[in-house]
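A.B. asks: coords12.txt (compact mmCIF, C-alpha atoms) pasted underneath:
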# COMPACT_ATOMS: atom_id res chain seq x y z
CA MET G 1 0.00 0.00 0.00
CA LYS G 2 1.13 3.52 -0.41
CA SER G 3 3.15 5.34 2.18
CA THR G 4 0.62 4.44 4.85
CA LEU G 5 0.05 0.80 4.39
CA VAL G 6 0.49 -2.94 4.19
CA THR G 7 3.35 -7.92 2.72
CA VAL G 8 7.19 -10.21 2.61
CA VAL G 9 8.20 -13.67 1.96
CA LEU G 10 10.56 -15.44 4.33
CA ALA G 11 10.83 -19.04 5.42
CA ALA G 12 8.29 -20.00 8.07
CA ALA G 13 9.75 -19.89 11.56
CA VAL G 14 9.39 -22.56 14.22
CA LEU G 15 6.39 -22.17 16.51
CA SER G 16 6.95 -21.55 20.17
CA ALA G 17 6.35 -24.54 22.41
CA ASP G 18 3.15 -23.27 24.00
CA VAL G 19 1.09 -20.77 22.04
CA THR G 20 -2.36 -21.43 23.45
CA ALA G 21 -3.92 -19.28 26.14
CA ALA G 22 -7.43 -19.73 27.50
CA THR G 23 -7.74 -16.03 28.25
CA PRO G 24 -5.61 -12.97 27.49
CA PRO G 25 -3.89 -11.07 30.30
CA PRO G 26 -6.06 -8.66 32.30
CA ALA G 27 -6.60 -5.22 30.84
CA ASN G 28 -4.55 -2.36 32.27
CA SER G 29 -6.01 0.93 33.44
CA ALA G 30 -5.63 2.62 30.03
CA ILE G 31 -7.58 -0.16 28.33
CA ALA G 32 -10.22 -0.17 31.04
CA ALA G 33 -10.64 3.59 30.66
CA ALA G 34 -10.96 3.30 26.88
CA VAL G 35 -13.71 0.69 27.21
CA ALA G 36 -15.50 2.70 29.91
CA ASP G 37 -15.34 5.99 27.94
CA ALA G 38 -18.82 7.52 28.10
CA HIS G 39 -18.34 9.05 24.65
CA ARG G 40 -18.29 5.67 22.91
CA PRO G 41 -21.42 5.39 20.73
CA ALA G 42 -24.18 3.00 21.74
CA LYS G 43 -23.66 0.97 18.57
CA ASP G 44 -20.16 0.18 19.88
CA THR G 45 -20.96 -0.54 23.51
CA GLU G 46 -23.82 -2.81 22.51
CA GLN G 47 -21.22 -5.09 20.93
CA ASP G 48 -19.01 -5.33 24.00
CA THR G 49 -20.60 -8.49 25.38
CA VAL G 50 -19.82 -10.50 22.25
CA ARG G 51 -16.50 -8.84 21.43
CA ARG G 52 -14.80 -8.80 24.86
CA PRO G 53 -12.86 -5.59 24.05
CA ALA G 54 -10.83 -5.22 27.24
CA GLU G 55 -9.42 -8.73 26.99
CA LEU G 56 -8.77 -8.56 23.26
CA VAL G 57 -7.02 -5.19 23.35
CA ALA G 58 -4.83 -6.56 26.15
CA PHE G 59 -4.11 -9.63 24.02
CA SER G 60 -3.14 -7.41 21.08
CA LYS G 61 -0.30 -5.86 23.13
CA VAL G 62 -1.27 -2.35 21.99
CA LYS G 63 0.20 0.18 24.42
CA ALA G 64 0.89 3.88 24.88
CA GLY G 65 2.99 5.41 22.11
CA ASP G 66 2.36 2.59 19.63
CA THR G 67 1.65 2.95 15.93
CA VAL G 68 -1.27 0.67 15.11
CA MET G 69 -3.13 -0.29 11.96
CA ASP G 70 -6.80 -1.23 12.22
CA VAL G 71 -7.40 -3.14 8.98
CA TRP G 72 -10.93 -2.85 7.57
CA PRO G 73 -12.17 -0.70 10.48
CA GLY G 74 -15.88 -0.88 9.62
CA GLY G 75 -17.77 1.48 11.91
CA GLY G 76 -14.62 2.29 13.89
CA TYR G 77 -15.25 0.08 16.94
CA TRP G 78 -11.61 -0.96 17.45
CA THR G 79 -10.15 2.32 16.17
CA ARG G 80 -12.03 4.16 18.93
CA LEU G 81 -10.55 1.82 21.53
CA PHE G 82 -6.98 1.89 20.22
CA SER G 83 -6.92 5.69 19.97
CA PRO G 84 -6.96 6.48 23.72
CA VAL G 85 -4.76 3.48 24.53
CA VAL G 86 -1.90 4.61 22.26
CA GLY G 87 -2.42 8.17 23.48
CA PRO G 88 -1.14 11.47 22.05
CA LYS G 89 2.29 10.04 21.25
CA GLY G 90 0.79 7.10 19.33
CA LYS G 91 -0.96 6.78 16.00
CA VAL G 92 -3.85 4.68 14.69
CA TYR G 93 -4.29 4.13 10.96
CA ALA G 94 -7.85 3.14 10.02
CA TYR G 95 -7.04 1.27 6.81
CA VAL G 96 -9.75 0.59 4.21
CA PRO G 97 -8.66 -1.67 1.34
CA ALA G 98 -9.23 0.19 -1.92
CA GLU G 99 -11.06 -2.84 -3.27
CA ILE G 100 -13.99 -2.14 -0.93
CA ALA G 101 -13.93 1.65 -1.08
CA GLY G 102 -16.89 1.64 -3.46
CA PHE G 103 -19.21 -0.27 -1.14
CA LYS G 104 -22.59 1.41 -0.52
CA SER G 105 -21.65 1.87 3.12
CA ASP G 106 -18.83 4.20 1.94
CA PRO G 107 -16.22 2.76 4.33
CA VAL G 108 -13.62 5.42 3.53
CA ALA G 109 -16.02 8.20 4.52
CA VAL G 110 -16.89 6.31 7.70
CA ALA G 111 -13.20 5.94 8.59
CA LYS G 112 -12.61 9.64 7.93
CA ALA G 113 -15.59 10.53 10.13
CA VAL G 114 -14.15 8.48 12.99
CA ALA G 115 -10.79 10.24 12.56
CA ALA G 116 -12.62 13.60 12.72
CA GLU G 117 -14.34 12.84 16.03
CA PRO G 118 -13.28 14.98 19.02
CA GLY G 119 -10.18 13.58 20.67
CA ARG G 120 -9.16 11.48 17.65
CA GLY G 121 -6.25 13.61 16.53
CA ASN G 122 -4.04 10.52 16.54
CA VAL G 123 -6.27 8.68 14.02
CA LYS G 124 -5.74 8.80 10.26
CA ALA G 125 -8.00 7.17 7.65
CA VAL G 126 -6.12 5.61 4.73
CA SER G 127 -7.12 3.58 1.68
CA ASP G 128 -4.84 1.74 -0.75
CA PRO G 129 -4.99 -1.55 -2.68
CA LEU G 130 -4.77 -4.57 -0.41
CA ALA G 131 -1.44 -5.91 -1.65
CA GLN G 132 0.28 -2.61 -2.43
CA GLN G 133 3.75 -2.71 -0.95
CA PRO G 134 4.91 0.09 1.36
CA PRO G 135 7.89 2.25 0.42
CA PRO G 136 11.16 1.53 2.24
CA ARG G 137 10.73 4.58 4.48
CA MET G 138 7.67 2.87 6.00
CA PHE G 139 9.46 -0.38 6.78
CA ASN G 140 9.67 -1.29 10.48
CA THR G 141 7.39 1.53 11.64
CA PHE G 142 4.28 -0.22 13.05
CA ASP G 143 3.95 -1.93 16.42
CA VAL G 144 0.66 -3.75 15.86
CA VAL G 145 -1.47 -4.62 12.82
CA TRP G 146 -4.98 -5.75 13.72
CA THR G 147 -7.92 -7.16 11.76
CA PHE G 148 -11.20 -8.35 13.25
CA GLU G 149 -13.56 -10.74 11.46
CA ASN G 150 -12.41 -9.63 8.01
CA TYR G 151 -9.37 -11.71 7.06
CA HIS G 152 -11.63 -14.27 5.37
CA ASP G 153 -13.02 -11.51 3.13
CA PHE G 154 -9.62 -10.91 1.57
CA HIS G 155 -10.13 -14.14 -0.37
CA ASP G 156 -13.56 -13.27 -1.75
CA SER G 157 -14.53 -12.32 -5.30
CA PHE G 158 -15.30 -8.68 -4.48
CA MET G 159 -11.61 -8.23 -3.64
CA LYS G 160 -10.95 -8.57 -7.38
CA GLY G 161 -8.16 -11.10 -7.04
CA ALA G 162 -6.06 -9.06 -4.60
CA SER G 163 -3.13 -11.08 -3.33
CA VAL G 164 -3.53 -12.15 0.28
CA ASP G 165 0.08 -13.29 0.27
CA GLY G 166 1.00 -9.80 -0.92
CA PHE G 167 -0.95 -8.26 1.94
CA ASN G 168 0.77 -10.43 4.53
CA GLN G 169 4.14 -9.58 3.02
CA ALA G 170 3.35 -5.86 3.27
CA VAL G 171 2.31 -6.26 6.92
CA PHE G 172 5.63 -8.00 7.59
CA LYS G 173 7.53 -5.10 6.04
CA LEU G 174 5.56 -2.50 7.98
CA LEU G 175 5.94 -4.09 11.41
CA LYS G 176 8.94 -3.45 13.58
CA PRO G 177 10.98 -6.50 14.58
CA GLY G 178 9.06 -7.95 17.51
CA GLY G 179 5.82 -6.33 16.30
CA TYR G 180 2.47 -8.13 16.36
CA TYR G 181 -0.05 -9.10 13.70
CA VAL G 182 -3.38 -10.01 15.32
CA ILE G 183 -6.17 -11.78 13.44
CA VAL G 184 -9.63 -12.59 14.82
CA ASP G 185 -12.10 -14.38 12.57
CA HIS G 186 -14.99 -16.82 12.29
CA ALA G 187 -13.81 -20.43 12.24
CA ALA G 188 -14.71 -22.83 9.46
CA ALA G 189 -14.79 -26.57 10.05
CA LYS G 190 -11.40 -28.23 10.31
CA GLY G 191 -10.00 -29.03 6.90
CA GLN G 192 -12.31 -26.64 5.00
CA GLY G 193 -9.52 -24.23 4.14
CA LEU G 194 -10.93 -21.43 1.99
CA GLU G 195 -14.10 -23.27 0.95
CA ASN G 196 -16.45 -21.18 3.12
CA THR G 197 -15.00 -17.68 2.98
CA GLU G 198 -17.70 -16.36 0.66
CA ASP G 199 -20.80 -18.42 1.44
CA LEU G 200 -20.51 -18.78 5.23
CA HIS G 201 -17.94 -16.01 5.87
CA ARG G 202 -15.69 -18.47 7.68
CA ILE G 203 -12.10 -19.58 7.28
CA ASP G 204 -10.11 -22.52 8.62
CA PRO G 205 -7.66 -21.19 11.25
CA ALA G 206 -5.05 -23.66 10.02
CA THR G 207 -5.16 -21.95 6.63
CA VAL G 208 -4.68 -18.53 8.22
CA LYS G 209 -1.69 -19.81 10.17
CA ALA G 210 -0.10 -21.27 7.05
CA GLU G 211 -0.60 -18.08 5.02
CA VAL G 212 0.75 -15.76 7.68
CA GLU G 213 3.70 -17.97 8.57
CA LYS G 214 4.57 -18.10 4.86
CA ALA G 215 5.24 -14.36 5.09
CA GLY G 216 7.82 -14.93 7.85
CA PHE G 217 5.72 -14.54 10.99
CA VAL G 218 5.83 -16.82 14.01
CA LEU G 219 2.63 -17.76 15.85
CA ASP G 220 3.18 -16.10 19.21
CA GLN G 221 -0.05 -17.02 20.98
CA GLU G 222 -3.68 -17.94 20.38
CA SER G 223 -6.68 -17.55 22.63
CA SER G 224 -9.93 -19.42 23.07
CA LEU G 225 -11.62 -16.31 24.50
CA LEU G 226 -14.17 -16.17 21.68
CA ALA G 227 -14.45 -19.91 21.10
CA SER G 228 -17.94 -21.40 20.96
CA PRO G 229 -18.18 -25.21 21.08
CA ALA G 230 -21.92 -24.97 20.35
CA ASP G 231 -21.21 -23.62 16.85
CA ASP G 232 -20.96 -26.55 14.42
CA HIS G 233 -19.47 -24.32 11.66
CA THR G 234 -22.25 -25.10 9.15
CA LEU G 235 -24.24 -21.85 9.29
CA LYS G 236 -23.55 -18.44 7.76
CA VAL G 237 -22.24 -16.13 10.47
CA PHE G 238 -25.23 -13.81 9.97
CA ASP G 239 -27.76 -16.58 10.65
CA PRO G 240 -29.82 -15.59 13.72
CA ALA G 241 -29.04 -18.96 15.28
CA VAL G 242 -25.33 -18.13 15.55
CA LYS G 243 -24.96 -14.38 14.98
CA GLY G 244 -22.79 -13.01 17.76
CA LYS G 245 -22.16 -16.55 19.00
CA THR G 246 -19.93 -18.00 16.29
CA ASP G 247 -16.79 -19.95 17.07
CA ARG G 248 -14.03 -17.39 16.56
CA PHE G 249 -10.30 -17.88 16.70
CA VAL G 250 -7.85 -15.29 18.04
CA LEU G 251 -4.29 -15.45 16.72
CA ARG G 252 -1.32 -13.25 17.54
CA PHE G 253 1.68 -13.54 15.26
CA LYS G 254 5.06 -11.94 15.83
CA LYS G 255 7.67 -10.62 13.46
CA PRO G 256 10.95 -12.21 14.58
CA VAL G 257 13.50 -9.84 16.03
CA ASN G 258 16.21 -11.55 14.01
CA PRO G 259 14.45 -12.97 10.94
For the structure just supplied, provide its representation as structure tokens.
C.D. replies:
Amino acid sequence: MKSTLVTVVLAAAVLSADVTAATPPPANSAIAAAVADAHRPAKDTEQDTVRRPAELVAFSKVKAGDTVMDVWPGGGYWTRLFSPVVGPKGKVYAYVPAEIAGFKSDPVAVAKAVAAEPGRGNVKAVSDPLAQQPPPRMFNTFDVVWTFENYHDFHDSFMKGASVDGFNQAVFKLLKPGGYYVIVDHAAAKGQGLENTEDLHRIDPATVKAEVEKAGFVLDQESSLLASPADDHTLKVFDPAVKGKTDRFVLRFKKPVNP
């Protein structure tokens, strides 16, 4: 992506011995304050029960002074939480892939509106093609890249064949050594790979791991915080029977310090 955005190819690194965590670490005071902010819109706070924001932001490792990318920010839910956590010395990029900029919801305008909200001076809305590579001056400048329930969409037809490998390579280039790439998404049945990204809006977590590790990342930790054993992975995520209760995986990858 242009000077603001997102992919690299290195050999996959060896996984750490224990990468599974039942729950993320407890939220610190900055995260708790961000979640409790009375200025958060009702449409955001109404999602808190199913999104577990305090625990997930803690899991992401976002902290004061960080430069963070919120990939496919939607209505700005996570951008609004990251903004006060990184504080005035940090920066949050609300990144809208150019491939979806023409959606009726006008996601670029929504991202710009979030950036224009009072107190969001550290937020910048950006939009570039998914797999556009960043210029060298942007290499090693981000601390965390985050995407929530949208990684599966990168594989869908409306993305016009954008390279997911290219995106992951750009993320690798953008992140500082030791930086984190966090992906939360709806789980498909084991072994389904990419078969259900468009019809059910689900993806096999094993496929995500393989794609991201191909770019040079190491799986640092995963969490079962949003797991749902009652979800049999056969329904579309918008089906009333499972909406808000899907089985979701939470993966945190790390860019090696010495790749």
A.B. asks: With a cut-off of 12 Å, could you pull out the residues of region 111-130 of chain G touching region 157-179 of chain G and give me the nearest pair of atoms for each, distance in Å to one decimal, using all atoms listed in the file, ordered by chain and ascending number, as a Markdown table?
C.D. replies:
| residue | atom | partner | partner_atom | distance |
| --- | --- | --- | --- | --- |
| G:Asp128 | CA | G:Phe167 | CA | 11.1 |
| G:Pro129 | CA | G:Ala162 | CA | 7.8 |
| G:Leu130 | CA | G:Phe167 | CA | 5.8 |
A.B. asks: Output as AutoDock Vina command-line options the centre and edge lengths (Å, one decimal) of the box along x, y and z of the file that holds every listed atom of region 99-104 of chain G after adding 6 Å on each side.
C.D. replies:
--center_x -16.8 --center_y -0.6 --center_z -2.0 --size_x 23.5 --size_y 16.5 --size_z 14.9
A.B. asks: Check the smallest atom-to-atom distance from each of G:Phe217, G:Tyr180, G:Phe59, G:Phe238 to Asn258 (chain G) using all atoms listed in the file, then report the winner.
C.D. replies: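 Closest to Asn258 (chain G), using all atoms listed in the file: G:Phe217.
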A.B. asks: Let me make sure I understand: among G:Ile203, G:Ala111, G:Ala38, G:Ile31, which one has the smallest atom-to-atom distance to Ala54 (chain G) if we use all atoms listed in the file?
C.D. replies: G:Ile31
A.B. asks: Pick from G:Thr79, G:Thr67, G:Thr147, G:Thr234: nearest to Lys91 (chain G), with only C-alpha atoms counted?
C.D. replies: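 The shortest atom-to-atom distance to Lys91 (chain G) comes from G:Thr67.
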A.B. asks: I'd like the interatomic distance between CA of Val92 (chain G) and CA of Gly65 (chain G), to a tenth of an Å.
C.D. replies: 10.1 Å
A.B. asks: Considering all atoms listed in the file, state which residue in the set G:Ser223, G:Tyr181, G:Ala189, G:Arg202 is at the smallest distance from Pro256 (chain G).
C.D. replies: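 Result for the nearest residue to Pro256 (chain G): G:Tyr181.
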A.B. asks: Report, in Å to a single decimal, how far apart CA of Phe148 (chain G) and CA of Ser60 (chain G) are.
C.D. replies: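 Computing it gives 11.3 Å between the two atoms.
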A.B. asks: List as a list in words: which residues have an atom within 9 Å of (-20.3, -17.1, 19.5), counting only C-alpha atoms?
C.D. replies: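 Answer for this query, in the requested form: Val50, His186, Leu226, Ala227, Ser228, Pro229, Ala230, Asp231, Val242, Lys243, Gly244, Lys245, Thr246, Asp247 and Arg248 of chain G.
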A.B. asks: Mind checking which residues fall within 8 Å of Gly193 (chain G), counting only C-alpha atoms, ignoring those fewer than 3 positions away in the same chain, and posting them as a count of residues only?
C.D. replies: 8
A.B. asks: Please, what distance in Å, to one decimal, runs between CA of Leu225 (chain G) and CA of Thr49 (chain G)?
C.D. replies: 11.9 Å
A.B. asks: Given the choices G:His152, G:His233, G:Asp199, G:Asn122, which gets closest to Glu211 (chain G) if the distance is worked out from only C-alpha atoms?
C.D. replies: G:His152
A.B. asks: For Tyr77 (chain G), which residue among G:Val110, G:Leu251, G:Ile100, G:Met138 is the nearest when counting only C-alpha atoms?
C.D. replies: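 For Tyr77 (chain G), the nearest of the given residues is G:Val110.
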A.B. asks: Which neighbours of region 32-35 of chain G fall inside 9 Å, counting only C-alpha atoms, when residues of the same chain fewer than 4 positions from it are skipped, and could you give them as JSON, numbers by chain?
C.D. replies: {"G": [27, 28, 40, 45, 48, 53, 54, 80, 81, 82, 83, 84, 85]}
A.B. asks: The residues within 10 Å of (-10.1, 8.7, 5.0), using only C-alpha atoms and the coordinates of the file, should be reported as a PDB file with C-alpha atoms, keeping the file's coordinate frame; which are they?
C.D. replies:
ATOM      1  CA  TYR G  93      -4.290   4.130  10.960  1.00  0.00           C
ATOM      2  CA  ALA G  94      -7.850   3.140  10.020  1.00  0.00           C
ATOM      3  CA  TYR G  95      -7.040   1.270   6.810  1.00  0.00           C
ATOM      4  CA  VAL G  96      -9.750   0.590   4.210  1.00  0.00           C
ATOM      5  CA  PRO G 107     -16.220   2.760   4.330  1.00  0.00           C
ATOM      6  CA  VAL G 108     -13.620   5.420   3.530  1.00  0.00           C
ATOM      7  CA  ALA G 109     -16.020   8.200   4.520  1.00  0.00           C
ATOM      8  CA  VAL G 110     -16.890   6.310   7.700  1.00  0.00           C
ATOM      9  CA  ALA G 111     -13.200   5.940   8.590  1.00  0.00           C
ATOM     10  CA  LYS G 112     -12.610   9.640   7.930  1.00  0.00           C
ATOM     11  CA  ALA G 113     -15.590  10.530  10.130  1.00  0.00           C
ATOM     12  CA  VAL G 114     -14.150   8.480  12.990  1.00  0.00           C
ATOM     13  CA  ALA G 115     -10.790  10.240  12.560  1.00  0.00           C
ATOM     14  CA  ALA G 116     -12.620  13.600  12.720  1.00  0.00           C
ATOM     15  CA  VAL G 123      -6.270   8.680  14.020  1.00  0.00           C
ATOM     16  CA  LYS G 124      -5.740   8.800  10.260  1.00  0.00           C
ATOM     17  CA  ALA G 125      -8.000   7.170   7.650  1.00  0.00           C
ATOM     18  CA  VAL G 126      -6.120   5.610   4.730  1.00  0.00           C
ATOM     19  CA  SER G 127      -7.120   3.580   1.680  1.00  0.00           C
TER      20      SER G 127
END
A.B. asks: List the neighbours of His201 (chain G) out to 10 Å using all atoms listed in the file; skip same-chain residues closer than 4 positions along the sequence, and give me the result as an mmCIF file with C-alpha atoms, in the frame of the given file.
C.D. replies:
data_model
loop_
_atom_site.group_PDB
_atom_site.id
_atom_site.type_symbol
_atom_site.label_atom_id
_atom_site.label_comp_id
_atom_site.auth_asym_id
_atom_site.auth_seq_id
_atom_site.Cartn_x
_atom_site.Cartn_y
_atom_site.Cartn_z
ATOM 1 C CA GLU G 149 -13.560 -10.740 11.460
ATOM 2 C CA ASN G 150 -12.410 -9.630 8.010
ATOM 3 C CA TYR G 151 -9.370 -11.710 7.060
ATOM 4 C CA HIS G 152 -11.630 -14.270 5.370
ATOM 5 C CA ASP G 153 -13.020 -11.510 3.130
ATOM 6 C CA ASP G 156 -13.560 -13.270 -1.750
ATOM 7 C CA ASP G 185 -12.100 -14.380 12.570
ATOM 8 C CA HIS G 186 -14.990 -16.820 12.290
ATOM 9 C CA ALA G 187 -13.810 -20.430 12.240
ATOM 10 C CA ALA G 188 -14.710 -22.830 9.460
ATOM 11 C CA LEU G 194 -10.930 -21.430 1.990
ATOM 12 C CA GLU G 195 -14.100 -23.270 0.950
ATOM 13 C CA ASN G 196 -16.450 -21.180 3.120
ATOM 14 C CA THR G 197 -15.000 -17.680 2.980
ATOM 15 C CA LEU G 235 -24.240 -21.850 9.290
ATOM 16 C CA LYS G 236 -23.550 -18.440 7.760
ATOM 17 C CA VAL G 237 -22.240 -16.130 10.470
ATOM 18 C CA PHE G 238 -25.230 -13.810 9.970
#
